[in-house]
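The structure appears below as structure tokens.
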Amino acid sequence: MRSAPRILLLSAYRADSHAAWADWLTRQFPAFDWDRLELPGRHFRWRIRGNPLSWLETLRHARPDAIIATSMVDLATLRGLHPALAQTPALYYFHENQFAYPTSPRQTRSVDPQMVQLYGALAADRIAFNSCYNRDSFLDGVDALLARMPDQVPPGLRTTLGGHSEILPVPIKAIATRGRVERDPNLILWNHRWEYDKAPEDFAEAALQLAREGVDFRLALLGPRPARVPDALARLRTHLADRIAVDARCSREEYEYWLCRAGIVVSTARHEFQGLSLLEATRAGVLPLVPDALVYPEQYPDSCRYPCGDTGALAARLGAWLTGQRPPVPDVGYCDTQQVEPQWRRQIEGLLETRRGVDRGRG
């Protein structure tokens, strides 16, 4: 009896979206024998440079038929350290790219993470991105990096990388909303991390401006938050306590309830490569209001976008929606599992076919 193809799944930073993707992939394709290696989503700088050391012994005897690695994985180094993996067809998957990722005030900008991803993309047989924006900003970043090299710059690198690239979204789960709960059209949802790259202070400022103008609204404050209460969340708790309907990182069941309850969902992100939380809320019937930047122009119409970083414009658009007419909720069904699953299946089968070709060549 022929054994199932063995696929090595490498994820060097198990953050929420990375974990959801890996969970979905292994669950969606049970016919494959998944060898799944992940590292906790913390100590970013060590993870992106140190994962070949963390897996040094584990991978010494690995003999997969194919590799799927996230762009946090130093694939080029792994293939150098483990010659048996060098001929194994590999897909390098970009949830994000370090050329377009904003630096925290506590971080020092370094070229190392960018080089890891560039070398990883060059070492892979196939490259995939979760959005066109992710791909294009990566390729633009590569161009900018090469422009800084003093000499000996390889020609045609952008064309080579672009020619190996595909767009493969992370799927979203369609939530059944019919008859589940009555929607509150003036309930504004925030379902992002309370971190610098999501700019929650812009959201807080817009909400406070609406309150000063006497606009009727309520807040659903969801999403992960650090142990130290962020200033933006503290301001909302202090000044708008009577308008907060929920303030927690909820269970999945509770989270889906609030997605079915909310009327508007807001993003103030400074970086977004796919925006799963926005897509999920929109798919559940919540009207999105997002910056006119990053990945959002390829997902949402002009009527759902405001100038990035302009809290006055954000508050004005929210005020207009809360007191008057609203545009229809956009259709983002292209990210549903049934739409995305065949795309991922073709990529995996393509990797395995490449492996069979290599084996036939050896024979």
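We label chains A, B, ... in the order they appear in the structure tokens, count residues from 1 in each chain, and number ligands from 1 in the order shown.
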What are the closest atom pairs, with distances in Å to one decimal, for each residue of range 109-221 of chain A lying within 12 Å of range 323-339 of chain A, using only C-alpha atoms, rows by chain and rising residue number, as a tab-separated table?
```
residue	atom	partner	partner_atom	distance
A:Asn130	CA	A:Cys335	CA	10.2
A:Ser131	CA	A:Cys335	CA	10.8
A:Ile167	CA	A:Cys335	CA	11.6
A:Leu168	CA	A:Cys335	CA	9.4
A:Pro169	CA	A:Cys335	CA	6.6
A:Val170	CA	A:Cys335	CA	7.2
A:Pro171	CA	A:Thr337	CA	5.1
A:Ile172	CA	A:Asp336	CA	5.2
A:Lys173	CA	A:Asp336	CA	6.2
A:Ala174	CA	A:Asp336	CA	6.5
A:Ile175	CA	A:Asp336	CA	10.3
A:Pro185	CA	A:Arg326	CA	10.2
A:Asn186	CA	A:Thr323	CA	9.0
A:Leu210	CA	A:Thr323	CA	11.1
A:Glu213	CA	A:Thr323	CA	11.6
A:Gly214	CA	A:Thr323	CA	10.8
A:Val215	CA	A:Thr323	CA	7.6
A:Asp216	CA	A:Thr323	CA	8.1
A:Phe217	CA	A:Thr323	CA	9.7
```
Based on DSSP run over this structure's backbone, return all residues of range 136-258 of chain A in helix (DSSP H, G or I), as a VMD selection string. chain A and resid 136 to 148 157 to 163 196 to 198 200 to 212 231 to 239 241 to 243 252 to 258
Straight-line distance linking CA of Leu351 in chain A with CA of Pro113 in chain A, stated in Å to one decimal: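 Here the two named atoms are 25.9 Å from each other.
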Determine, counting only C-alpha atoms, which protein, DNA and RNA residues have an atom within 10 Å of an atom of Leu236 in chain A; residues of the same chain fewer than 2 positions away are not included. Present the result as a list in words.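 Near neighbours after the sequence-gap exclusion: Glu201, Phe203, Ala204, Glu205, Ala207, Leu208, Leu219, Leu221, Asp231, Ala232, Leu233, Ala234, Thr238, His239, Leu240, Ala241, Asp242, Arg243 and Ile244 of chain A.
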I'd like a table as a tab-separated table: residues in range 59-125 of chain A with an atom no more than 6 Å from range 3-10 of chain A, each row giving the shortest atom pair and its distance in Å to one decimal, only C-alpha atoms counted, sorted by chain and rising residue number.
```
residue	atom	partner	partner_atom	distance
A:Pro64	CA	A:Arg6	CA	5.1
A:Asp65	CA	A:Arg6	CA	5.3
A:Ala66	CA	A:Ile7	CA	4.9
A:Ile67	CA	A:Leu8	CA	4.7
A:Ile68	CA	A:Leu9	CA	4.9
A:Ala69	CA	A:Leu10	CA	4.6
```
Writer output for current selection, N, CA and C atoms, as an mmCIF file, in the first residue's frame:
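Contents of result.cif, freshly written:
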```
data_model
loop_
_atom_site.group_PDB
_atom_site.id
_atom_site.type_symbol
_atom_site.label_atom_id
_atom_site.label_comp_id
_atom_site.auth_asym_id
_atom_site.auth_seq_id
_atom_site.Cartn_x
_atom_site.Cartn_y
_atom_site.Cartn_z
ATOM 1 N N PRO A 64 10.896 14.695 3.702
ATOM 2 C CA PRO A 64 9.539 14.951 3.203
ATOM 3 C C PRO A 64 9.484 14.883 1.673
ATOM 4 N N ASP A 65 8.265 14.819 1.160
ATOM 5 C CA ASP A 65 8.054 14.882 -0.288
ATOM 6 C C ASP A 65 7.909 16.321 -0.765
ATOM 7 N N ALA A 66 7.533 17.209 0.148
ATOM 8 C CA ALA A 66 7.373 18.626 -0.194
ATOM 9 C C ALA A 66 7.497 19.455 1.078
ATOM 10 N N ILE A 67 7.822 20.731 0.901
ATOM 11 C CA ILE A 67 7.961 21.659 2.023
ATOM 12 C C ILE A 67 7.051 22.862 1.781
ATOM 13 N N ILE A 68 6.320 23.251 2.805
ATOM 14 C CA ILE A 68 5.617 24.528 2.805
ATOM 15 C C ILE A 68 6.149 25.306 4.005
ATOM 16 N N ALA A 69 6.785 26.448 3.745
ATOM 17 C CA ALA A 69 7.410 27.237 4.803
ATOM 18 C C ALA A 69 6.898 28.664 4.740
#
```
Excluding Trp258 in chain A and residues on its chain fewer than 2 positions from it, collect all residues at most 10 Å away from it, counting only C-alpha atoms, and give them as a ChimeraX atom specification. /A:181,183-184,187,189,191,220-222,245-246,250,253-256,260-263,281,284,286
Expected file contents, prior selection, N, CA, C and O atoms, as a PDB file, in the first residue's frame:
```
ATOM      1  N   VAL A 181     -28.984  36.888  15.763  1.00  0.00           N
ATOM      2  CA  VAL A 181     -29.093  37.969  16.721  1.00  0.00           C
ATOM      3  C   VAL A 181     -29.515  39.220  15.966  1.00  0.00           C
ATOM      4  O   VAL A 181     -29.256  39.349  14.765  1.00  0.00           O
ATOM      5  N   ARG A 183     -29.078  42.843  14.679  1.00  0.00           N
ATOM      6  CA  ARG A 183     -27.920  43.692  14.466  1.00  0.00           C
ATOM      7  C   ARG A 183     -28.189  45.101  14.985  1.00  0.00           C
ATOM      8  O   ARG A 183     -29.274  45.645  14.801  1.00  0.00           O
ATOM      9  N   ASP A 184     -27.196  45.685  15.632  1.00  0.00           N
ATOM     10  CA  ASP A 184     -27.251  47.062  16.105  1.00  0.00           C
ATOM     11  C   ASP A 184     -26.481  47.919  15.105  1.00  0.00           C
ATOM     12  O   ASP A 184     -25.250  47.899  15.088  1.00  0.00           O
ATOM     13  N   LEU A 187     -23.507  50.043  16.425  1.00  0.00           N
ATOM     14  CA  LEU A 187     -22.461  49.402  17.219  1.00  0.00           C
ATOM     15  C   LEU A 187     -21.199  49.315  16.364  1.00  0.00           C
ATOM     16  O   LEU A 187     -21.167  48.657  15.325  1.00  0.00           O
ATOM     17  N   LEU A 189     -17.427  48.160  15.765  1.00  0.00           N
ATOM     18  CA  LEU A 189     -16.580  47.038  16.162  1.00  0.00           C
ATOM     19  C   LEU A 189     -15.105  47.355  15.922  1.00  0.00           C
ATOM     20  O   LEU A 189     -14.725  47.858  14.869  1.00  0.00           O
ATOM     21  N   ASN A 191     -11.831  44.912  16.150  1.00  0.00           N
ATOM     22  CA  ASN A 191     -11.464  43.504  16.390  1.00  0.00           C
ATOM     23  C   ASN A 191     -10.031  43.220  15.950  1.00  0.00           C
ATOM     24  O   ASN A 191      -9.733  42.208  15.330  1.00  0.00           O
ATOM     25  N   ALA A 220     -17.829  47.949  20.501  1.00  0.00           N
ATOM     26  CA  ALA A 220     -17.475  46.567  20.816  1.00  0.00           C
ATOM     27  C   ALA A 220     -15.958  46.459  20.674  1.00  0.00           C
ATOM     28  O   ALA A 220     -15.430  46.454  19.558  1.00  0.00           O
ATOM     29  N   LEU A 221     -15.250  46.432  21.796  1.00  0.00           N
ATOM     30  CA  LEU A 221     -13.792  46.478  21.822  1.00  0.00           C
ATOM     31  C   LEU A 221     -13.251  45.067  22.021  1.00  0.00           C
ATOM     32  O   LEU A 221     -13.162  44.571  23.143  1.00  0.00           O
ATOM     33  N   LEU A 222     -12.906  44.431  20.925  1.00  0.00           N
ATOM     34  CA  LEU A 222     -12.414  43.062  20.960  1.00  0.00           C
ATOM     35  C   LEU A 222     -10.932  43.041  20.600  1.00  0.00           C
ATOM     36  O   LEU A 222     -10.276  44.069  20.569  1.00  0.00           O
ATOM     37  N   ALA A 245     -20.140  48.298  24.890  1.00  0.00           N
ATOM     38  CA  ALA A 245     -21.005  47.127  25.052  1.00  0.00           C
ATOM     39  C   ALA A 245     -20.206  45.893  25.461  1.00  0.00           C
ATOM     40  O   ALA A 245     -20.716  45.025  26.177  1.00  0.00           O
ATOM     41  N   VAL A 246     -18.965  45.794  24.996  1.00  0.00           N
ATOM     42  CA  VAL A 246     -18.103  44.674  25.356  1.00  0.00           C
ATOM     43  C   VAL A 246     -16.656  45.152  25.250  1.00  0.00           C
ATOM     44  O   VAL A 246     -16.316  45.942  24.369  1.00  0.00           O
ATOM     45  N   CYS A 250     -12.580  37.721  23.435  1.00  0.00           N
ATOM     46  CA  CYS A 250     -13.651  36.756  23.672  1.00  0.00           C
ATOM     47  C   CYS A 250     -13.291  35.346  23.202  1.00  0.00           C
ATOM     48  O   CYS A 250     -12.337  35.141  22.451  1.00  0.00           O
ATOM     49  N   GLU A 253     -17.037  31.627  20.185  1.00  0.00           N
ATOM     50  CA  GLU A 253     -18.494  31.734  20.149  1.00  0.00           C
ATOM     51  C   GLU A 253     -18.950  33.169  20.437  1.00  0.00           C
ATOM     52  O   GLU A 253     -19.820  33.708  19.746  1.00  0.00           O
ATOM     53  N   GLU A 254     -18.349  33.785  21.440  1.00  0.00           N
ATOM     54  CA  GLU A 254     -18.700  35.167  21.767  1.00  0.00           C
ATOM     55  C   GLU A 254     -18.269  36.119  20.653  1.00  0.00           C
ATOM     56  O   GLU A 254     -18.987  37.075  20.311  1.00  0.00           O
ATOM     57  N   TYR A 255     -17.109  35.853  20.083  1.00  0.00           N
ATOM     58  CA  TYR A 255     -16.611  36.690  18.993  1.00  0.00           C
ATOM     59  C   TYR A 255     -17.577  36.673  17.817  1.00  0.00           C
ATOM     60  O   TYR A 255     -17.916  37.727  17.249  1.00  0.00           O
ATOM     61  N   GLU A 256     -18.050  35.509  17.435  1.00  0.00           N
ATOM     62  CA  GLU A 256     -18.999  35.412  16.327  1.00  0.00           C
ATOM     63  C   GLU A 256     -20.307  36.133  16.666  1.00  0.00           C
ATOM     64  O   GLU A 256     -20.935  36.733  15.781  1.00  0.00           O
ATOM     65  N   CYS A 260     -21.980  39.228  14.454  1.00  0.00           N
ATOM     66  CA  CYS A 260     -23.364  39.240  13.983  1.00  0.00           C
ATOM     67  C   CYS A 260     -24.154  40.426  14.551  1.00  0.00           C
ATOM     68  O   CYS A 260     -25.196  40.804  14.003  1.00  0.00           O
ATOM     69  N   ARG A 261     -23.656  41.009  15.607  1.00  0.00           N
ATOM     70  CA  ARG A 261     -24.356  42.108  16.289  1.00  0.00           C
ATOM     71  C   ARG A 261     -23.942  43.483  15.760  1.00  0.00           C
ATOM     72  O   ARG A 261     -24.774  44.402  15.677  1.00  0.00           O
ATOM     73  N   ALA A 262     -22.686  43.659  15.381  1.00  0.00           N
ATOM     74  CA  ALA A 262     -22.147  44.974  15.039  1.00  0.00           C
ATOM     75  C   ALA A 262     -22.670  45.470  13.692  1.00  0.00           C
ATOM     76  O   ALA A 262     -23.029  44.687  12.804  1.00  0.00           O
ATOM     77  N   GLY A 263     -22.669  46.808  13.556  1.00  0.00           N
ATOM     78  CA  GLY A 263     -23.100  47.418  12.314  1.00  0.00           C
ATOM     79  C   GLY A 263     -21.955  47.933  11.464  1.00  0.00           C
ATOM     80  O   GLY A 263     -22.033  47.947  10.233  1.00  0.00           O
ATOM     81  N   ALA A 281     -15.269  39.974   9.456  1.00  0.00           N
ATOM     82  CA  ALA A 281     -16.395  40.803   9.883  1.00  0.00           C
ATOM     83  C   ALA A 281     -17.256  41.212   8.688  1.00  0.00           C
ATOM     84  O   ALA A 281     -18.492  41.175   8.748  1.00  0.00           O
ATOM     85  N   ALA A 284     -19.422  38.557   7.517  1.00  0.00           N
ATOM     86  CA  ALA A 284     -20.539  38.352   8.441  1.00  0.00           C
ATOM     87  C   ALA A 284     -21.599  39.437   8.317  1.00  0.00           C
ATOM     88  O   ALA A 284     -22.595  39.402   9.041  1.00  0.00           O
ATOM     89  N   VAL A 286     -20.917  42.993   8.412  1.00  0.00           N
ATOM     90  CA  VAL A 286     -20.578  44.261   9.061  1.00  0.00           C
ATOM     91  C   VAL A 286     -19.972  45.191   8.001  1.00  0.00           C
ATOM     92  O   VAL A 286     -19.122  44.777   7.215  1.00  0.00           O
TER      93      VAL A 286
END
```
Please identify all polymer residues within 12 Å of Gln299 in chain A, counting only C-alpha atoms, omitting same-chain residues fewer than 3 positions from it, and present them as number ranges by chain. A: 131-133, 169, 272-276, 278-279, 282-283, 288-296, 302-305, 329-335
May I have the selected residues written with C-alpha atoms, as a short mmCIF file (atom, residue, chain, number, x, y, z; two decimals), in the first residue's frame?
```cif
data_model
loop_
_atom_site.label_atom_id
_atom_site.label_comp_id
_atom_site.auth_asym_id
_atom_site.auth_seq_id
_atom_site.Cartn_x
_atom_site.Cartn_y
_atom_site.Cartn_z
CA SER A 131 -2.51 39.53 -1.45
CA CYS A 132 -1.32 41.52 -4.45
CA TYR A 133 -0.27 44.30 -2.09
CA PRO A 169 -5.29 34.08 0.28
CA GLU A 272 -2.10 45.14 6.65
CA PHE A 273 -1.20 42.43 4.16
CA GLN A 274 -4.57 40.64 4.05
CA GLY A 275 -6.63 41.81 7.01
CA LEU A 276 -8.38 38.62 8.11
CA LEU A 278 -11.81 42.84 8.59
CA LEU A 279 -12.62 40.25 5.93
CA THR A 282 -17.35 42.00 6.40
CA ARG A 283 -18.28 38.46 5.37
CA PRO A 288 -16.14 48.10 6.87
CA LEU A 289 -14.43 51.50 7.04
CA VAL A 290 -10.73 51.19 6.21
CA PRO A 291 -7.71 53.34 5.27
CA ASP A 292 -7.23 54.10 1.59
CA ALA A 293 -3.86 52.34 1.62
CA LEU A 294 -2.09 49.00 2.13
CA VAL A 295 -4.13 45.96 1.00
CA TYR A 296 -7.50 47.65 1.34
CA ASP A 302 -13.96 53.85 -2.51
CA SER A 303 -17.14 54.26 -0.46
CA CYS A 304 -15.58 52.20 2.36
CA ARG A 305 -12.18 53.94 2.46
CA VAL A 329 -21.61 45.81 2.59
CA PRO A 330 -18.98 44.68 0.02
CA ASP A 331 -18.85 41.09 -1.19
CA VAL A 332 -15.65 39.38 -0.03
CA GLY A 333 -16.79 35.83 -0.73
CA TYR A 334 -13.66 35.21 -2.83
CA CYS A 335 -11.86 34.44 0.44
#
```
DSSP on the backbone: what in range 60-223 of chain A comes out strand (DSSP E or B), as a JSON list (two decimals) with N, CA and C atoms, in the first residue's frame?
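Full text of out.json as output:
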```json
[["chain", "number", "residue", "atom", "x", "y", "z"],
["A", 66, "ALA", "N", 7.53, 17.21, 0.15],
["A", 66, "ALA", "CA", 7.37, 18.63, -0.19],
["A", 66, "ALA", "C", 7.50, 19.46, 1.08],
["A", 67, "ILE", "N", 7.82, 20.73, 0.90],
["A", 67, "ILE", "CA", 7.96, 21.66, 2.02],
["A", 67, "ILE", "C", 7.05, 22.86, 1.78],
["A", 68, "ILE", "N", 6.32, 23.25, 2.81],
["A", 68, "ILE", "CA", 5.62, 24.53, 2.80],
["A", 68, "ILE", "C", 6.15, 25.31, 4.01],
["A", 69, "ALA", "N", 6.78, 26.45, 3.75],
["A", 69, "ALA", "CA", 7.41, 27.24, 4.80],
["A", 69, "ALA", "C", 6.90, 28.66, 4.74],
["A", 70, "THR", "N", 6.64, 29.25, 5.90],
["A", 70, "THR", "CA", 6.25, 30.66, 5.91],
["A", 70, "THR", "C", 7.49, 31.53, 5.73],
["A", 90, "ALA", "N", 9.77, 23.17, -2.62],
["A", 90, "ALA", "CA", 9.35, 24.01, -1.50],
["A", 90, "ALA", "C", 8.50, 25.18, -1.97],
["A", 91, "LEU", "N", 7.43, 25.44, -1.23],
["A", 91, "LEU", "CA", 6.61, 26.64, -1.40],
["A", 91, "LEU", "C", 6.91, 27.57, -0.24],
["A", 92, "TYR", "N", 7.23, 28.82, -0.55],
["A", 92, "TYR", "CA", 7.54, 29.83, 0.46],
["A", 92, "TYR", "C", 6.36, 30.78, 0.52],
["A", 93, "TYR", "N", 5.69, 30.82, 1.70],
["A", 93, "TYR", "CA", 4.42, 31.55, 1.81],
["A", 93, "TYR", "C", 4.57, 32.82, 2.65],
["A", 94, "PHE", "N", 4.19, 33.94, 2.04],
["A", 94, "PHE", "CA", 4.30, 35.25, 2.68],
["A", 94, "PHE", "C", 2.97, 35.66, 3.30],
["A", 126, "ARG", "N", 8.54, 27.65, -5.45],
["A", 126, "ARG", "CA", 7.34, 28.45, -5.67],
["A", 126, "ARG", "C", 7.21, 29.47, -4.55],
["A", 127, "ILE", "N", 6.64, 30.62, -4.88],
["A", 127, "ILE", "CA", 6.42, 31.68, -3.90],
["A", 127, "ILE", "C", 4.94, 32.05, -3.96],
["A", 128, "ALA", "N", 4.33, 32.26, -2.79],
["A", 128, "ALA", "CA", 2.93, 32.66, -2.75],
["A", 128, "ALA", "C", 2.75, 33.77, -1.73],
["A", 129, "PHE", "N", 1.84, 34.68, -2.03],
["A", 129, "PHE", "CA", 1.51, 35.82, -1.17],
["A", 129, "PHE", "C", 0.01, 35.81, -0.90],
["A", 165, "SER", "N", 5.74, 33.75, -8.59],
["A", 165, "SER", "CA", 4.81, 34.14, -7.53],
["A", 165, "SER", "C", 3.35, 33.84, -7.88],
["A", 166, "GLU", "N", 2.59, 33.50, -6.85],
["A", 166, "GLU", "CA", 1.15, 33.30, -6.94],
["A", 166, "GLU", "C", 0.47, 34.09, -5.82],
["A", 167, "ILE", "N", -0.81, 34.37, -6.00],
["A", 167, "ILE", "CA", -1.61, 34.97, -4.93],
["A", 167, "ILE", "C", -2.50, 33.87, -4.35],
["A", 172, "ILE", "N", -11.20, 32.58, 4.90],
["A", 172, "ILE", "CA", -11.98, 33.02, 6.05],
["A", 172, "ILE", "C", -13.19, 32.12, 6.21],
["A", 187, "LEU", "N", -23.51, 50.04, 16.42],
["A", 187, "LEU", "CA", -22.46, 49.40, 17.22],
["A", 187, "LEU", "C", -21.20, 49.32, 16.36],
["A", 188, "ILE", "N", -20.14, 50.01, 16.81],
["A", 188, "ILE", "CA", -18.88, 50.06, 16.07],
["A", 188, "ILE", "C", -17.94, 49.00, 16.64],
["A", 189, "LEU", "N", -17.43, 48.16, 15.77],
["A", 189, "LEU", "CA", -16.58, 47.04, 16.16],
["A", 189, "LEU", "C", -15.10, 47.35, 15.92],
["A", 190, "TRP", "N", -14.28, 47.04, 16.93],
["A", 190, "TRP", "CA", -12.82, 47.05, 16.80],
["A", 190, "TRP", "C", -12.37, 45.63, 17.14],
["A", 218, "ARG", "N", -22.30, 52.94, 19.92],
["A", 218, "ARG", "CA", -21.77, 52.08, 20.96],
["A", 218, "ARG", "C", -20.51, 51.40, 20.44],
["A", 219, "LEU", "N", -19.72, 50.83, 21.34],
["A", 219, "LEU", "CA", -18.43, 50.24, 20.97],
["A", 219, "LEU", "C", -18.34, 48.78, 21.39],
["A", 220, "ALA", "N", -17.83, 47.95, 20.50],
["A", 220, "ALA", "CA", -17.48, 46.57, 20.82],
["A", 220, "ALA", "C", -15.96, 46.46, 20.67],
["A", 221, "LEU", "N", -15.25, 46.43, 21.80],
["A", 221, "LEU", "CA", -13.79, 46.48, 21.82],
["A", 221, "LEU", "C", -13.25, 45.07, 22.02]]
```
With only C-alpha atoms as the counted atoms, please give the residues lying no more than 10 Å from range 39-45 of chain A, apart from itself and same-chain residues fewer than 3 positions off, as a list in words.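 Here the qualifying residues turn out to be Leu10, Ser11, Ala12, Tyr13, Arg14, Ala15, Asp16, His18, Ala19, Ile48, Arg49, Gly50, Asn51, Ser54, Trp55, Met72, Gln107, Ser110, Asp112 and Pro113 of chain A.
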Restricting it to N, CA, C and O atoms, dump the selection as a PDB file, in the first residue's frame.
```
ATOM      1  N   LEU A  10       6.506  24.265   7.916  1.00  0.00           N
ATOM      2  CA  LEU A  10       7.386  25.015   8.811  1.00  0.00           C
ATOM      3  C   LEU A  10       6.816  26.411   9.040  1.00  0.00           C
ATOM      4  O   LEU A  10       6.646  27.184   8.093  1.00  0.00           O
ATOM      5  N   SER A  11       6.543  26.725  10.285  1.00  0.00           N
ATOM      6  CA  SER A  11       6.056  28.052  10.649  1.00  0.00           C
ATOM      7  C   SER A  11       6.863  28.529  11.861  1.00  0.00           C
ATOM      8  O   SER A  11       6.695  28.027  12.964  1.00  0.00           O
ATOM      9  N   ALA A  12       7.730  29.507  11.633  1.00  0.00           N
ATOM     10  CA  ALA A  12       8.685  29.909  12.670  1.00  0.00           C
ATOM     11  C   ALA A  12       8.124  30.944  13.626  1.00  0.00           C
ATOM     12  O   ALA A  12       8.833  31.392  14.534  1.00  0.00           O
ATOM     13  N   TYR A  13       6.860  31.342  13.447  1.00  0.00           N
ATOM     14  CA  TYR A  13       6.291  32.372  14.314  1.00  0.00           C
ATOM     15  C   TYR A  13       4.790  32.128  14.396  1.00  0.00           C
ATOM     16  O   TYR A  13       4.023  32.637  13.587  1.00  0.00           O
ATOM     17  N   ARG A  14       4.370  31.327  15.393  1.00  0.00           N
ATOM     18  CA  ARG A  14       2.970  30.940  15.487  1.00  0.00           C
ATOM     19  C   ARG A  14       2.143  32.058  16.132  1.00  0.00           C
ATOM     20  O   ARG A  14       1.701  31.973  17.275  1.00  0.00           O
ATOM     21  N   ALA A  15       1.951  33.146  15.392  1.00  0.00           N
ATOM     22  CA  ALA A  15       1.025  34.196  15.797  1.00  0.00           C
ATOM     23  C   ALA A  15      -0.383  33.775  15.377  1.00  0.00           C
ATOM     24  O   ALA A  15      -0.572  32.743  14.718  1.00  0.00           O
ATOM     25  N   ASP A  16      -1.385  34.586  15.733  1.00  0.00           N
ATOM     26  CA  ASP A  16      -2.780  34.182  15.540  1.00  0.00           C
ATOM     27  C   ASP A  16      -3.094  33.818  14.096  1.00  0.00           C
ATOM     28  O   ASP A  16      -3.639  32.751  13.815  1.00  0.00           O
ATOM     29  N   HIS A  18      -1.056  33.193  11.570  1.00  0.00           N
ATOM     30  CA  HIS A  18      -0.222  32.088  11.103  1.00  0.00           C
ATOM     31  C   HIS A  18      -0.762  30.761  11.635  1.00  0.00           C
ATOM     32  O   HIS A  18      -0.797  29.769  10.906  1.00  0.00           O
ATOM     33  N   ALA A  19      -1.186  30.766  12.880  1.00  0.00           N
ATOM     34  CA  ALA A  19      -1.713  29.549  13.487  1.00  0.00           C
ATOM     35  C   ALA A  19      -3.018  29.128  12.824  1.00  0.00           C
ATOM     36  O   ALA A  19      -3.230  27.938  12.546  1.00  0.00           O
ATOM     37  N   ILE A  48      13.240  34.811  13.456  1.00  0.00           N
ATOM     38  CA  ILE A  48      13.467  34.880  12.017  1.00  0.00           C
ATOM     39  C   ILE A  48      14.912  34.534  11.646  1.00  0.00           C
ATOM     40  O   ILE A  48      15.168  34.028  10.560  1.00  0.00           O
ATOM     41  N   ARG A  49      15.869  34.755  12.550  1.00  0.00           N
ATOM     42  CA  ARG A  49      17.257  34.396  12.266  1.00  0.00           C
ATOM     43  C   ARG A  49      17.653  33.063  12.902  1.00  0.00           C
ATOM     44  O   ARG A  49      18.575  32.397  12.425  1.00  0.00           O
ATOM     45  N   GLY A  50      16.954  32.672  13.965  1.00  0.00           N
ATOM     46  CA  GLY A  50      17.405  31.506  14.730  1.00  0.00           C
ATOM     47  C   GLY A  50      16.670  30.218  14.458  1.00  0.00           C
ATOM     48  O   GLY A  50      17.041  29.177  15.012  1.00  0.00           O
ATOM     49  N   ASN A  51      15.639  30.222  13.593  1.00  0.00           N
ATOM     50  CA  ASN A  51      14.869  28.991  13.422  1.00  0.00           C
ATOM     51  C   ASN A  51      15.698  27.828  12.860  1.00  0.00           C
ATOM     52  O   ASN A  51      15.439  26.675  13.236  1.00  0.00           O
ATOM     53  N   SER A  54      17.023  26.300  15.973  1.00  0.00           N
ATOM     54  CA  SER A  54      15.972  25.686  16.787  1.00  0.00           C
ATOM     55  C   SER A  54      15.568  24.319  16.239  1.00  0.00           C
ATOM     56  O   SER A  54      15.210  23.416  16.995  1.00  0.00           O
ATOM     57  N   TRP A  55      15.609  24.158  14.932  1.00  0.00           N
ATOM     58  CA  TRP A  55      15.191  22.915  14.291  1.00  0.00           C
ATOM     59  C   TRP A  55      16.375  22.066  13.827  1.00  0.00           C
ATOM     60  O   TRP A  55      16.189  21.095  13.081  1.00  0.00           O
ATOM     61  N   MET A  72       8.719  33.624   7.559  1.00  0.00           N
ATOM     62  CA  MET A  72       9.513  33.781   8.772  1.00  0.00           C
ATOM     63  C   MET A  72      10.600  32.718   8.874  1.00  0.00           C
ATOM     64  O   MET A  72      11.442  32.756   9.764  1.00  0.00           O
ATOM     65  N   GLN A 107      12.107  49.166  18.389  1.00  0.00           N
ATOM     66  CA  GLN A 107      12.955  48.340  17.545  1.00  0.00           C
ATOM     67  C   GLN A 107      13.975  49.177  16.771  1.00  0.00           C
ATOM     68  O   GLN A 107      13.741  50.352  16.507  1.00  0.00           O
ATOM     69  N   SER A 110      16.685  46.891  10.860  1.00  0.00           N
ATOM     70  CA  SER A 110      17.798  46.061  10.418  1.00  0.00           C
ATOM     71  C   SER A 110      17.446  45.438   9.081  1.00  0.00           C
ATOM     72  O   SER A 110      16.277  45.123   8.816  1.00  0.00           O
ATOM     73  N   ASP A 112      18.531  42.519   8.192  1.00  0.00           N
ATOM     74  CA  ASP A 112      18.581  41.063   8.333  1.00  0.00           C
ATOM     75  C   ASP A 112      17.250  40.371   8.011  1.00  0.00           C
ATOM     76  O   ASP A 112      17.235  39.400   7.237  1.00  0.00           O
ATOM     77  N   PRO A 113      16.109  40.784   8.607  1.00  0.00           N
ATOM     78  CA  PRO A 113      14.854  40.100   8.286  1.00  0.00           C
ATOM     79  C   PRO A 113      14.512  40.179   6.798  1.00  0.00           C
ATOM     80  O   PRO A 113      13.957  39.226   6.232  1.00  0.00           O
TER      81      PRO A 113
END
```
Residues at most 8 Å from Trp194 in chain A, counting only C-alpha atoms, excluding those fewer than 3 positions away in the same chain, as a PyMOL selection string? chain A and resi 198-200+223-226+230+233
Across A:Thr26, A:Asn97, A:Thr88, A:Thr77, the smallest distance to Ala62 in chain A, with only C-alpha atoms counted, is shown by A:Thr88
Please determine, counting only C-alpha atoms, which residue among A:Arg60, A:Phe99, A:Thr311, A:Val73 has the shortest atom-to-atom distance to Leu85 in chain A.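 Counting only C-alpha atoms, the residue closest to Leu85 in chain A is A:Arg60.
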CA of Asp202 in chain A to CA of Pro307 in chain A, distance in Å rounded to a single decimal: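 Answer for the CA of Asp202 in chain A to CA of Pro307 in chain A separation: 12.1 Å.
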